[in-house]
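Okay, model_13.cif now, which holds mmCIF, C-alpha atoms and all ligand atoms:
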```cif
data_run
#
loop_
_atom_site.label_atom_id
_atom_site.label_comp_id
_atom_site.auth_asym_id
_atom_site.auth_seq_id
_atom_site.Cartn_x
_atom_site.Cartn_y
_atom_site.Cartn_z
CA MET V 11 30.36 37.74 25.22
CA GLU V 12 33.24 39.14 23.09
CA HIS V 13 36.70 39.27 24.66
CA ALA V 14 38.62 42.33 23.47
CA VAL V 15 42.32 42.87 24.13
CA VAL V 16 43.11 46.60 24.08
CA THR V 17 46.77 47.63 23.88
CA GLY V 18 47.32 51.16 25.16
CA GLY V 19 44.03 50.88 27.05
CA ALA V 20 45.25 53.07 29.92
CA GLY V 21 45.85 55.99 27.56
CA PHE V 22 43.56 58.78 26.41
CA LEU V 23 41.78 57.06 23.51
CA GLY V 24 42.26 53.54 24.85
CA SER V 25 40.47 54.26 28.13
CA HIS V 26 37.45 55.71 26.31
CA LEU V 27 37.40 52.68 24.02
CA VAL V 28 37.43 50.43 27.09
CA ASP V 29 34.44 52.32 28.54
CA SER V 30 32.55 51.87 25.28
CA LEU V 31 33.32 48.13 25.04
CA LEU V 32 32.32 47.48 28.67
CA GLU V 33 29.08 49.39 28.16
CA ASP V 34 28.27 47.03 25.29
CA GLY V 35 28.84 43.96 27.46
CA CYS V 36 32.31 42.96 26.25
CA ARG V 37 34.99 41.39 28.41
CA VAL V 38 38.13 43.53 28.13
CA THR V 39 41.82 42.95 28.85
CA VAL V 40 44.07 46.01 28.78
CA LEU V 41 47.80 45.72 28.11
CA ASP V 42 49.69 48.93 28.85
CA ASN V 43 53.18 49.84 30.05
CA TYR V 44 52.01 53.21 31.49
CA GLY V 45 54.61 55.02 29.39
CA SER V 46 52.22 57.86 28.53
CA GLY V 47 49.02 56.41 30.02
CA ARG V 48 48.06 56.05 33.67
CA PRO V 49 46.09 53.65 35.86
CA GLU V 50 43.84 56.54 36.95
CA ASN V 51 42.34 56.64 33.44
CA LEU V 52 40.58 53.37 34.29
CA SER V 53 40.14 53.81 38.05
CA HIS V 54 36.45 54.76 37.60
CA VAL V 55 35.66 51.32 36.15
CA GLU V 56 33.92 49.00 38.61
CA SER V 57 33.14 46.19 36.18
CA SER V 58 34.51 42.72 36.92
CA GLN V 59 34.71 42.30 33.12
CA LEU V 60 37.87 44.43 32.98
CA THR V 61 41.39 43.04 33.53
CA VAL V 62 44.35 45.41 33.39
CA GLN V 63 47.87 44.04 32.97
CA LYS V 64 51.05 46.11 33.01
CA HIS V 65 52.72 44.87 29.87
CA ASP V 66 54.99 46.29 27.17
CA VAL V 67 53.71 45.30 23.72
CA ARG V 68 57.27 44.91 22.48
CA ASP V 69 57.36 41.75 24.62
CA THR V 70 55.50 38.49 23.88
CA PHE V 71 51.86 38.80 24.86
CA PRO V 72 50.47 36.83 27.82
CA GLU V 73 48.35 33.75 27.14
CA PHE V 74 44.56 34.13 27.14
CA ASP V 75 41.72 31.61 27.19
CA ASP V 76 40.25 33.13 24.02
CA VAL V 77 40.32 36.43 22.12
CA ASP V 78 37.75 37.78 19.65
CA ILE V 79 39.43 41.08 18.73
CA VAL V 80 42.73 42.85 19.39
CA TYR V 81 42.58 46.66 19.37
CA HIS V 82 46.18 47.83 18.94
CA LEU V 83 46.38 51.40 20.23
CA ALA V 84 49.64 51.28 22.19
CA SER V 85 52.02 54.05 21.12
CA ARG V 86 53.03 57.41 22.43
CA ALA V 87 51.38 59.96 20.16
CA SER V 88 52.69 63.40 21.13
CA PRO V 89 55.21 65.08 18.80
CA ASP V 90 57.01 66.17 22.00
CA ASP V 91 57.95 62.49 22.49
CA PHE V 92 59.00 61.76 18.91
CA GLY V 93 62.64 62.71 19.65
CA SER V 94 63.02 61.76 23.32
CA HIS V 95 61.34 58.34 22.86
CA ALA V 96 62.18 57.76 19.19
CA VAL V 97 63.39 54.14 19.40
CA GLU V 98 60.64 53.13 21.83
CA ILE V 99 57.99 54.56 19.48
CA ALA V 100 59.52 53.01 16.36
CA MET V 101 59.69 49.58 18.01
CA THR V 102 56.23 49.82 19.57
CA ASN V 103 54.74 50.36 16.11
CA SER V 104 56.81 47.62 14.48
CA GLN V 105 57.68 44.84 16.92
CA GLY V 106 54.66 45.76 19.06
CA THR V 107 52.37 45.55 16.04
CA GLU V 108 53.86 42.16 15.16
CA ARG V 109 53.07 40.94 18.70
CA ALA V 110 49.52 42.28 18.46
CA LEU V 111 48.96 40.61 15.08
CA GLU V 112 50.47 37.35 16.34
CA CYS V 113 48.06 37.45 19.27
CA ALA V 114 45.12 37.90 16.88
CA ARG V 115 46.44 35.08 14.68
CA GLU V 116 46.86 32.66 17.58
CA TYR V 117 43.21 33.06 18.63
CA ASP V 118 41.77 33.46 15.13
CA ALA V 119 40.62 36.92 16.20
CA ARG V 120 40.16 40.05 14.15
CA ALA V 121 42.49 43.03 14.70
CA LEU V 122 42.01 46.79 14.64
CA ILE V 123 45.19 48.78 14.04
CA ALA V 124 45.35 52.44 15.17
CA SER V 125 47.19 54.30 12.43
CA THR V 126 47.34 58.06 12.07
CA SER V 127 46.94 61.03 9.75
CA GLU V 128 50.73 61.34 10.18
CA VAL V 129 51.09 58.69 7.46
CA TYR V 130 50.20 61.56 5.09
CA GLY V 131 53.13 63.68 6.40
CA ASN V 132 53.10 67.26 5.10
CA PRO V 133 50.34 66.55 2.58
CA GLU V 134 50.40 67.73 -1.01
CA GLU V 135 46.80 66.54 -1.46
CA HIS V 136 44.10 68.31 0.52
CA PRO V 137 41.91 67.05 2.10
CA GLN V 138 43.58 63.69 2.59
CA SER V 139 41.75 60.58 1.36
CA GLU V 140 42.77 56.99 2.01
CA THR V 141 44.15 56.66 -1.53
CA TYR V 142 46.79 59.39 -0.95
CA ASN V 143 50.21 57.88 -0.26
CA GLY V 144 51.56 60.79 1.72
CA ASN V 145 54.64 63.00 1.87
CA VAL V 146 56.73 61.92 4.86
CA ASN V 147 60.34 63.00 5.46
CA ILE V 148 61.98 59.61 6.02
CA ARG V 149 64.84 61.12 8.05
CA GLY V 150 63.08 64.00 9.77
CA PRO V 151 62.26 64.40 13.47
CA ARG V 152 58.76 62.93 13.06
CA ALA V 153 60.00 59.88 11.13
CA PRO V 154 60.24 57.42 14.07
CA TYR V 155 56.50 57.87 14.59
CA ASP V 156 55.32 58.48 11.03
CA GLU V 157 57.37 55.77 9.38
CA SER V 158 56.68 53.17 12.05
CA LYS V 159 52.95 53.79 11.71
CA ARG V 160 53.34 53.34 7.95
CA PHE V 161 55.23 50.10 8.61
CA SER V 162 52.50 49.04 11.03
CA GLU V 163 49.97 49.36 8.20
CA ALA V 164 52.25 47.51 5.77
CA LEU V 165 52.70 44.68 8.28
CA ALA V 166 48.93 44.46 8.70
CA VAL V 167 48.54 44.06 4.93
CA ALA V 168 51.29 41.41 4.90
CA TYR V 169 49.55 39.44 7.68
CA GLU V 170 46.20 39.69 5.89
CA GLN V 171 47.72 38.32 2.71
CA LYS V 172 49.84 35.59 4.27
CA TYR V 173 47.44 34.37 6.96
CA ARG V 174 44.06 35.44 5.52
CA MET V 175 43.27 37.34 8.71
CA ASP V 176 40.54 39.93 9.29
CA ILE V 177 42.46 43.15 10.01
CA ARG V 178 40.97 46.64 9.92
CA THR V 179 42.95 49.90 10.09
CA VAL V 180 41.84 53.36 11.19
CA ARG V 181 43.81 56.51 10.36
CA ILE V 182 43.03 58.73 13.30
CA PHE V 183 43.13 62.52 12.84
CA ASN V 184 43.77 64.93 15.75
CA THR V 185 41.46 63.98 18.61
CA TYR V 186 40.96 65.64 21.99
CA GLY V 187 38.87 65.37 25.13
CA PRO V 188 38.95 64.45 28.82
CA ARG V 189 41.83 62.17 29.95
CA MET V 190 44.35 63.73 27.59
CA ASP V 191 47.48 64.31 29.59
CA PRO V 192 47.70 68.09 30.24
CA HIS V 193 51.49 67.77 30.04
CA ASP V 194 51.79 65.71 26.87
CA GLY V 195 52.68 68.67 24.66
CA ARG V 196 49.94 68.43 22.04
CA VAL V 197 48.25 71.68 21.12
CA ILE V 198 44.87 71.38 22.85
CA PRO V 199 46.36 70.18 26.18
CA ASN V 200 48.95 72.96 25.97
CA PHE V 201 46.46 75.72 25.12
CA LEU V 202 43.86 74.61 27.69
CA SER V 203 46.49 74.30 30.45
CA GLN V 204 47.98 77.67 29.59
CA ALA V 205 44.58 79.37 29.46
CA ILE V 206 43.47 77.87 32.77
CA ARG V 207 46.75 78.95 34.44
CA GLY V 208 46.50 82.45 32.95
CA GLU V 209 49.67 81.99 30.89
CA ASP V 210 50.05 83.07 27.27
CA LEU V 211 49.16 80.42 24.69
CA THR V 212 52.26 79.31 22.77
CA ILE V 213 51.56 79.42 19.03
CA TYR V 214 54.31 77.69 17.02
CA GLY V 215 55.14 79.57 13.82
CA ASP V 216 52.63 82.19 12.65
CA GLY V 217 49.63 79.99 13.49
CA SER V 218 48.49 79.69 9.87
CA GLN V 219 48.95 75.90 9.85
CA THR V 220 45.64 74.02 10.07
CA ARG V 221 44.30 70.94 11.82
CA SER V 222 40.83 69.37 12.12
CA PHE V 223 39.97 68.35 15.67
CA CYS V 224 37.64 65.48 16.54
CA TYR V 225 35.98 65.06 19.94
CA VAL V 226 36.81 61.76 21.61
CA SER V 227 33.27 60.29 21.75
CA ASP V 228 32.91 60.76 17.99
CA LEU V 229 36.28 59.13 17.39
CA ILE V 230 35.47 56.12 19.54
CA SER V 231 32.15 55.56 17.78
CA GLY V 232 34.05 55.70 14.47
CA ILE V 233 36.55 53.08 15.66
CA ARG V 234 33.71 50.87 16.89
CA ASN V 235 31.89 51.20 13.55
CA VAL V 236 34.98 49.95 11.74
CA ALA V 237 35.65 47.14 14.25
CA ASP V 238 32.05 45.91 14.34
CA ALA V 239 31.26 46.14 10.61
CA PRO V 240 30.73 42.83 8.81
CA PRO V 241 33.91 41.40 7.22
CA GLU V 242 32.72 42.14 3.69
CA ALA V 243 32.46 45.85 4.61
CA ALA V 244 35.71 46.36 6.51
CA ALA V 245 38.13 43.41 6.60
CA GLY V 246 41.46 44.34 5.06
CA ASP V 247 40.41 47.93 4.68
CA VAL V 248 41.59 51.33 5.97
CA PHE V 249 39.36 54.24 7.00
CA ASN V 250 40.11 57.85 7.90
CA VAL V 251 38.37 58.80 11.16
CA GLY V 252 38.20 62.45 12.18
CA ASN V 253 36.30 65.70 12.03
CA THR V 254 36.29 67.79 8.85
CA GLU V 255 35.99 71.16 10.66
CA GLU V 256 39.40 72.62 9.66
CA ILE V 257 40.81 75.47 11.71
CA SER V 258 44.10 77.38 11.86
CA ILE V 259 46.12 77.15 15.07
CA GLN V 260 45.78 80.93 15.44
CA THR V 261 41.98 80.62 15.35
CA LEU V 262 42.10 77.65 17.71
CA ALA V 263 43.92 79.84 20.22
CA GLU V 264 41.24 82.52 19.85
CA VAL V 265 38.44 79.98 20.38
CA ILE V 266 40.12 78.61 23.51
CA LEU V 267 40.58 82.10 24.91
CA LYS V 268 36.81 82.52 24.56
CA VAL V 269 35.87 79.11 26.01
CA VAL V 270 38.12 79.46 29.07
CA ASP V 271 37.50 82.48 31.28
CA THR V 272 41.08 83.81 31.27
CA ASP V 273 43.35 86.86 31.02
CA SER V 274 45.83 84.93 28.84
CA GLY V 275 47.12 86.30 25.54
CA VAL V 276 49.24 84.58 22.90
CA THR V 277 52.97 84.36 22.31
CA TYR V 278 54.76 83.05 19.23
CA LYS V 279 57.50 80.40 19.22
CA SER V 280 59.46 78.82 16.41
CA LEU V 281 57.72 76.22 14.24
CA PRO V 282 59.10 72.68 14.70
CA GLN V 283 60.74 71.10 11.63
CA ASP V 284 58.39 69.20 9.30
CA ASP V 285 55.26 70.49 11.08
CA PRO V 286 52.44 69.71 8.58
CA GLU V 287 50.99 72.90 7.05
CA VAL V 288 47.47 71.58 6.57
CA ARG V 289 45.43 68.58 7.66
CA ARG V 290 41.81 67.65 7.07
CA PRO V 291 40.38 64.18 6.60
CA ASP V 292 38.33 63.18 3.62
CA ILE V 293 35.76 61.00 5.40
CA PHE V 294 33.65 60.12 2.37
CA LYS V 295 34.64 56.45 2.66
CA ILE V 296 33.61 55.84 6.27
CA THR V 297 30.54 58.04 5.90
CA SER V 298 29.24 56.34 2.78
CA GLU V 299 30.32 52.75 3.53
CA LEU V 300 29.84 52.54 7.30
CA SER V 301 27.36 55.39 7.95
CA TRP V 302 29.58 57.17 10.47
CA GLU V 303 30.08 60.89 10.82
CA PRO V 304 31.16 63.10 13.72
CA SER V 305 28.52 65.17 15.50
CA ILE V 306 30.31 67.24 18.17
CA SER V 307 31.46 70.75 17.18
CA LEU V 308 34.85 72.04 18.32
CA ARG V 309 33.25 74.58 20.62
CA THR V 310 31.02 71.97 22.32
CA GLY V 311 33.89 69.50 22.62
CA LEU V 312 36.15 72.09 24.21
CA GLU V 313 33.44 73.06 26.70
CA ARG V 314 33.17 69.38 27.69
CA THR V 315 36.95 69.10 28.05
CA VAL V 316 37.71 72.20 30.15
CA PRO V 317 36.38 70.83 33.49
CA TYR V 318 38.67 67.80 33.23
CA PHE V 319 41.72 69.99 32.69
CA GLU V 320 40.69 72.29 35.56
CA GLY V 321 40.51 69.23 37.82
CA ARG V 322 43.85 67.80 36.72
CA LEU V 323 45.66 71.12 37.01
CA ALA V 324 44.19 71.72 40.47
CA ASP V 325 45.78 68.38 41.52
CA ASP V 326 49.25 69.38 40.23
P1 LIG L 401 48.19 58.09 24.78
O1 LIG L 401 49.63 58.38 24.94
O2 LIG L 401 47.24 58.70 25.72
O3 LIG L 401 47.92 56.52 24.78
C1 LIG L 401 48.86 55.58 24.35
C2 LIG L 401 48.89 54.44 25.34
O4 LIG L 401 49.80 53.44 24.88
C3 LIG L 401 49.39 54.89 26.72
O5 LIG L 401 48.54 54.38 27.73
C4 LIG L 401 50.78 54.30 26.80
O6 LIG L 401 51.18 54.04 28.13
C5 LIG L 401 50.62 53.04 25.96
N1 LIG L 401 51.89 52.56 25.40
C6 LIG L 401 52.79 53.25 24.68
N2 LIG L 401 53.82 52.44 24.32
C7 LIG L 401 53.53 51.22 24.83
C8 LIG L 401 54.21 49.97 24.80
N3 LIG L 401 55.38 49.81 24.18
N4 LIG L 401 53.63 48.91 25.43
C9 LIG L 401 52.45 49.05 26.08
N5 LIG L 401 51.77 50.21 26.15
C10 LIG L 401 52.31 51.28 25.52
O7 LIG L 401 47.82 58.50 23.27
P2 LIG L 401 46.43 58.46 22.50
O8 LIG L 401 46.19 59.81 21.96
O9 LIG L 401 45.39 57.81 23.32
O10 LIG L 401 46.80 57.52 21.26
C11 LIG L 401 46.34 56.18 21.17
C12 LIG L 401 46.63 55.64 19.77
O11 LIG L 401 45.95 56.43 18.80
C13 LIG L 401 48.11 55.68 19.40
O12 LIG L 401 48.41 54.52 18.64
C14 LIG L 401 48.23 56.90 18.53
O13 LIG L 401 49.30 56.79 17.61
C15 LIG L 401 46.88 56.91 17.84
N6 LIG L 401 46.50 58.28 17.38
C16 LIG L 401 46.04 59.20 18.27
C17 LIG L 401 45.71 60.47 17.83
C18 LIG L 401 45.14 61.53 18.73
O14 LIG L 401 44.91 62.66 18.26
N7 LIG L 401 44.86 61.29 19.98
C19 LIG L 401 45.87 60.80 16.46
C20 LIG L 401 46.38 59.82 15.61
C21 LIG L 401 46.67 58.55 16.06
N1 LIG L 402 51.27 73.73 18.38
C1 LIG L 402 51.30 75.05 18.80
N2 LIG L 402 51.50 75.29 20.13
C2 LIG L 402 51.66 74.29 21.06
C3 LIG L 402 51.62 72.94 20.61
C4 LIG L 402 51.43 72.70 19.25
O1 LIG L 402 51.14 75.99 18.02
O2 LIG L 402 51.84 74.61 22.25
C5 LIG L 402 51.01 73.47 16.94
C6 LIG L 402 51.95 72.47 16.29
O3 LIG L 402 53.11 73.13 15.81
C7 LIG L 402 51.07 71.94 15.17
C8 LIG L 402 49.66 71.97 15.75
O4 LIG L 402 49.71 72.88 16.85
O5 LIG L 402 51.13 72.80 14.05
C9 LIG L 402 49.16 70.63 16.23
O6 LIG L 402 50.15 70.09 17.08
P1 LIG L 402 49.97 68.74 17.88
O7 LIG L 402 51.27 68.49 18.58
O8 LIG L 402 48.75 68.79 18.73
O9 LIG L 402 49.69 67.61 16.79
P2 LIG L 402 50.22 67.31 15.31
O10 LIG L 402 49.02 67.47 14.47
O11 LIG L 402 51.30 68.27 14.93
O12 LIG L 402 50.71 65.91 15.40
#
```

Let me see whether you can do it: turn the structure in this file into structure tokens.
Ligand code: NAD
Ligand code: UDP
Amino acid sequence: MEHAVVTGGAGFLGSHLVDSLLEDGCRVTVLDNYGSGRPENLSHVESSQLTVQKHDVRDTFPEFDDVDIVYHLASRASPDDFGSHAVEIAMTNSQGTERALECAREYDARALIASTSEVYGNPEEHPQSETYNGNVNIRGPRAPYDESKRFSEALAVAYEQKYRMDIRTVRIFNTYGPRMDPHDGRVIPNFLSQAIRGEDLTIYGDGSQTRSFCYVSDLISGIRNVADAPPEAAAGDVFNVGNTEEISIQTLAEVILKVVDTDSGVTYKSLPQDDPEVRRPDIFKITSELSWEPSISLRTGLERTVPYFEGRLADD
């Protein structure tokens, strides 16, 4: 039975990954400091195969009996946190990544690093393929996140080369679904919460900027495809994972107003500095090499997400 260590396993994506690993018979240890995640995200799990430890990945990892794979997902991911938690984020994706890679090295395990479409910054190539090196403002407000994720990838490459380890990297594009924190400030949590409360949806800028939203179950199956592929197909490699259905933020607001039964309208606020104008993954690589593609449309994914947000907001 594989033993997987999942950093950030009490977060949105991490908790769904844990569900998927347990379903497949893995033993799982979660390390999470509950900075943006919460114990409730795993409270439904009854399996004795799950161990959850409150731990900050910037600190030396605990000792284990054995480890087969380290999934390194720990990091706040909302642009709302990029300023208020800048140093924490930068260190989580640098020192924390070093700790995660050291853990994998100690147990001769493979590692899966969660990178992001933010490594492409405000892209001048569209859609973004893995060969594009990005356009990040080194000193801008998103830099503590964007640059530390870029460093995280560079450190993974350095570890592969120096220690001949099996490390795989996924560049995750905007993903949504149940267990996202309604208060974390990202656009789908904001719009769904506002629509459910009957408040106007806050569009930043004129809403012409685009994103491509992936439903969480698709994203997790993409991560698992990369992690479980044979070494010759994925070791030392990086894959975009996301949905190619590109939509403007204005249109997203209109779709959400249709999916949620609401009297809400929209209101416009200023666009944050360095907000990427466009974003869509080129997923040719993962589709052709690992036979993965997303299957859940935005409309279907939103319909599956609304009940969770209604429940969370009712508890507020
Ligand atoms: P999330 O905030 O829900 O989950 C992150 C988890 O990491 C939380 O449980 C948090 O408590 C934990 N964490 C943060 N810093 C930590 C630290 N120093 N030590 C231990 N635990 C720590 O966010 P998410 O959306 O689930 O993101 C998970 C990963 O996926 C992140 O690495 C993020 O950068 C990446 N990602 C997510 C998206 C997305 O759209 N959801 C897009 C691109 C990349
Ligand atoms: N956004 C918005 N209203 C909100 C929150 C976000 O218009 O209440 C915009 C934001 O400016 C960006 C897009 O939605 O253009 C996606 O933002 P998010 O924070 O979800 O993720 P990003 O892709 O920017 O990291």

Under the rule that all atoms listed in the file are counted, which of V:Val197, V:Ala110, V:Val146, V:Leu202 is the nearest residue to V:Ser127?
V:Val146

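Distance check against ligand LIG 402 (chain L) using all atoms listed in the file: of V:Trp302, V:Tyr214, V:Tyr169, V:Tyr117, the minimum falls on V:Tyr214.
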
Distance criterion (all atoms listed in the file): nearest to V:Met175 out of V:Val226, V:Ala239, V:Ile148, V:Cys113
V:Cys113

Compute the set of protein, DNA and RNA residues whose minimum atom distance to ligand LIG 402 (chain L) is at most 6 Å, using only C-alpha atoms and all ligand atoms, and state it as a PyMOL selection string.
chain V and resi 88-89+184+195-197+200+212-214+219+259+281+285

Could you tell me which of V:Ala84, V:Ala14, V:Ile306, V:Val55 comes closest to ligand LIG 401 (chain L) if we count all atoms listed in the file?
V:Ala84

Coordinates-based distance that separates atom CA of V:Asp69 from atom CA of V:Ala168 (Å, one decimal):
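The value is 20.6 Å.
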
Correct to one decimal, the distance atom CA of V:Val67-atom C2 of ligand LIG 401 (chain L) is 10.5 Å

Mind giving me the straight-line distance from atom N2 of ligand LIG 401 (chain L) to atom CA of V:Thr179 in Å, one decimal?
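The value is 18.1 Å.
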
List as a ChimeraX atom specification the protein and nucleic acid residues near stretch 260-266 of chain V, meaning an atom at most 9 Å away when all atoms listed in the file are counted, but skip any in the same chain fewer than 4 places from it.
/V:198,201-202,205,211-213,216-220,270,275-276,308-309,312

With distances taken over all atoms listed in the file, which of V:Ser57, V:Asn143, V:His82, V:Val316 is nearest to V:Lys268?
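Ranking V:Ser57, V:Asn143, V:His82, V:Val316 by distance to V:Lys268, first place goes to V:Val316.
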
Neighbouring residues of V:Arg189 were defined as those with any atom within 9 Å, considering only C-alpha atoms; residues of the same chain fewer than 6 positions away were excluded. Please report them as a PyMOL selection string.
chain V and resi 21-23+25-26+51+315+318-319

Just the residues within 12 Å of V:Gly246, please, counting only C-alpha atoms, with nothing from its chain fewer than 3 positions along; format it as an MDAnalysis selection string.
chainID V and resid 120:123 163:171 173:180 236:237 239:243 249

Which is closest to ligand LIG 401 (chain L) among V:His54, V:Lys172, V:Arg37, V:Arg160, if we use all atoms listed in the file?
V:Arg160

Residue contacts of V:Thr254 (9 Å, all atoms listed in the file) excluding same-chain residues fewer than 4 positions away, as a PyMOL selection string:
chain V and resi 137+222-224+290-293+304

Excluding V:Arg86 and its own-chain neighbours fewer than 6 positions away, which residues fall within 8 Å of it when counting all atoms listed in the file? Please give them as a list in words.
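Within the cut-off, the hits are Gly45, Ser46 and Ile99 of chain V.
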
Is it possible to get the residues within 8 Å of (50.5, 56.2, 9.8) (coordinates as in the file, counting only C-alpha atoms) written as a ChimeraX atom specification?
/V:125-130,155-163,181

Atoms are missing here; could stretch 157-164 of chain V be completed with all heavy atoms and written as a compact mmCIF listing (two decimals), in the frame of the given file?
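See part.txt below for the written result:
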```txt
# COMPACT_ATOMS: atom_id res chain seq x y z
N GLU V 157 56.96 56.92 10.19
CA GLU V 157 57.37 55.77 9.38
C GLU V 157 57.01 54.45 10.06
O GLU V 157 56.71 53.46 9.39
CB GLU V 157 58.87 55.82 9.06
CG GLU V 157 59.24 56.92 8.08
CD GLU V 157 58.70 56.70 6.66
OE1 GLU V 157 58.02 55.68 6.40
OE2 GLU V 157 58.95 57.56 5.79
N SER V 158 57.04 54.42 11.39
CA SER V 158 56.68 53.17 12.05
C SER V 158 55.18 52.92 11.95
O SER V 158 54.73 51.77 11.87
CB SER V 158 57.16 53.14 13.51
OG SER V 158 56.51 54.09 14.30
N LYS V 159 54.38 53.98 11.93
CA LYS V 159 52.95 53.79 11.71
C LYS V 159 52.69 53.30 10.27
O LYS V 159 51.81 52.47 10.04
CB LYS V 159 52.19 55.10 11.95
CG LYS V 159 52.05 55.47 13.43
CD LYS V 159 51.06 54.56 14.15
CE LYS V 159 50.74 55.06 15.54
NZ LYS V 159 49.83 54.15 16.26
N ARG V 160 53.48 53.81 9.33
CA ARG V 160 53.34 53.34 7.95
C ARG V 160 53.73 51.86 7.86
O ARG V 160 53.07 51.05 7.21
CB ARG V 160 54.19 54.20 7.00
CG ARG V 160 53.62 55.61 6.80
CD ARG V 160 54.61 56.54 6.13
NE ARG V 160 54.88 56.16 4.75
CZ ARG V 160 54.25 56.66 3.67
NH1 ARG V 160 53.32 57.59 3.82
NH2 ARG V 160 54.55 56.26 2.47
N PHE V 161 54.81 51.50 8.58
CA PHE V 161 55.23 50.10 8.61
C PHE V 161 54.14 49.23 9.25
O PHE V 161 53.86 48.12 8.80
CB PHE V 161 56.55 49.95 9.38
CG PHE V 161 56.96 48.51 9.54
CD1 PHE V 161 57.54 47.81 8.50
CD2 PHE V 161 56.72 47.85 10.74
CE1 PHE V 161 57.88 46.47 8.65
CE2 PHE V 161 57.06 46.51 10.89
CZ PHE V 161 57.64 45.82 9.85
N SER V 162 53.56 49.75 10.33
CA SER V 162 52.50 49.04 11.03
C SER V 162 51.38 48.68 10.04
O SER V 162 50.88 47.55 10.02
CB SER V 162 51.97 49.95 12.14
OG SER V 162 51.23 49.26 13.09
N GLU V 163 51.00 49.63 9.21
CA GLU V 163 49.97 49.36 8.20
C GLU V 163 50.45 48.30 7.19
O GLU V 163 49.70 47.40 6.81
CB GLU V 163 49.59 50.64 7.46
CG GLU V 163 48.77 51.61 8.29
CD GLU V 163 47.95 52.56 7.42
OE1 GLU V 163 47.58 52.19 6.27
OE2 GLU V 163 47.66 53.68 7.88
N ALA V 164 51.72 48.45 6.77
CA ALA V 164 52.25 47.51 5.77
C ALA V 164 52.29 46.09 6.35
O ALA V 164 51.99 45.11 5.66
CB ALA V 164 53.65 47.95 5.33
```
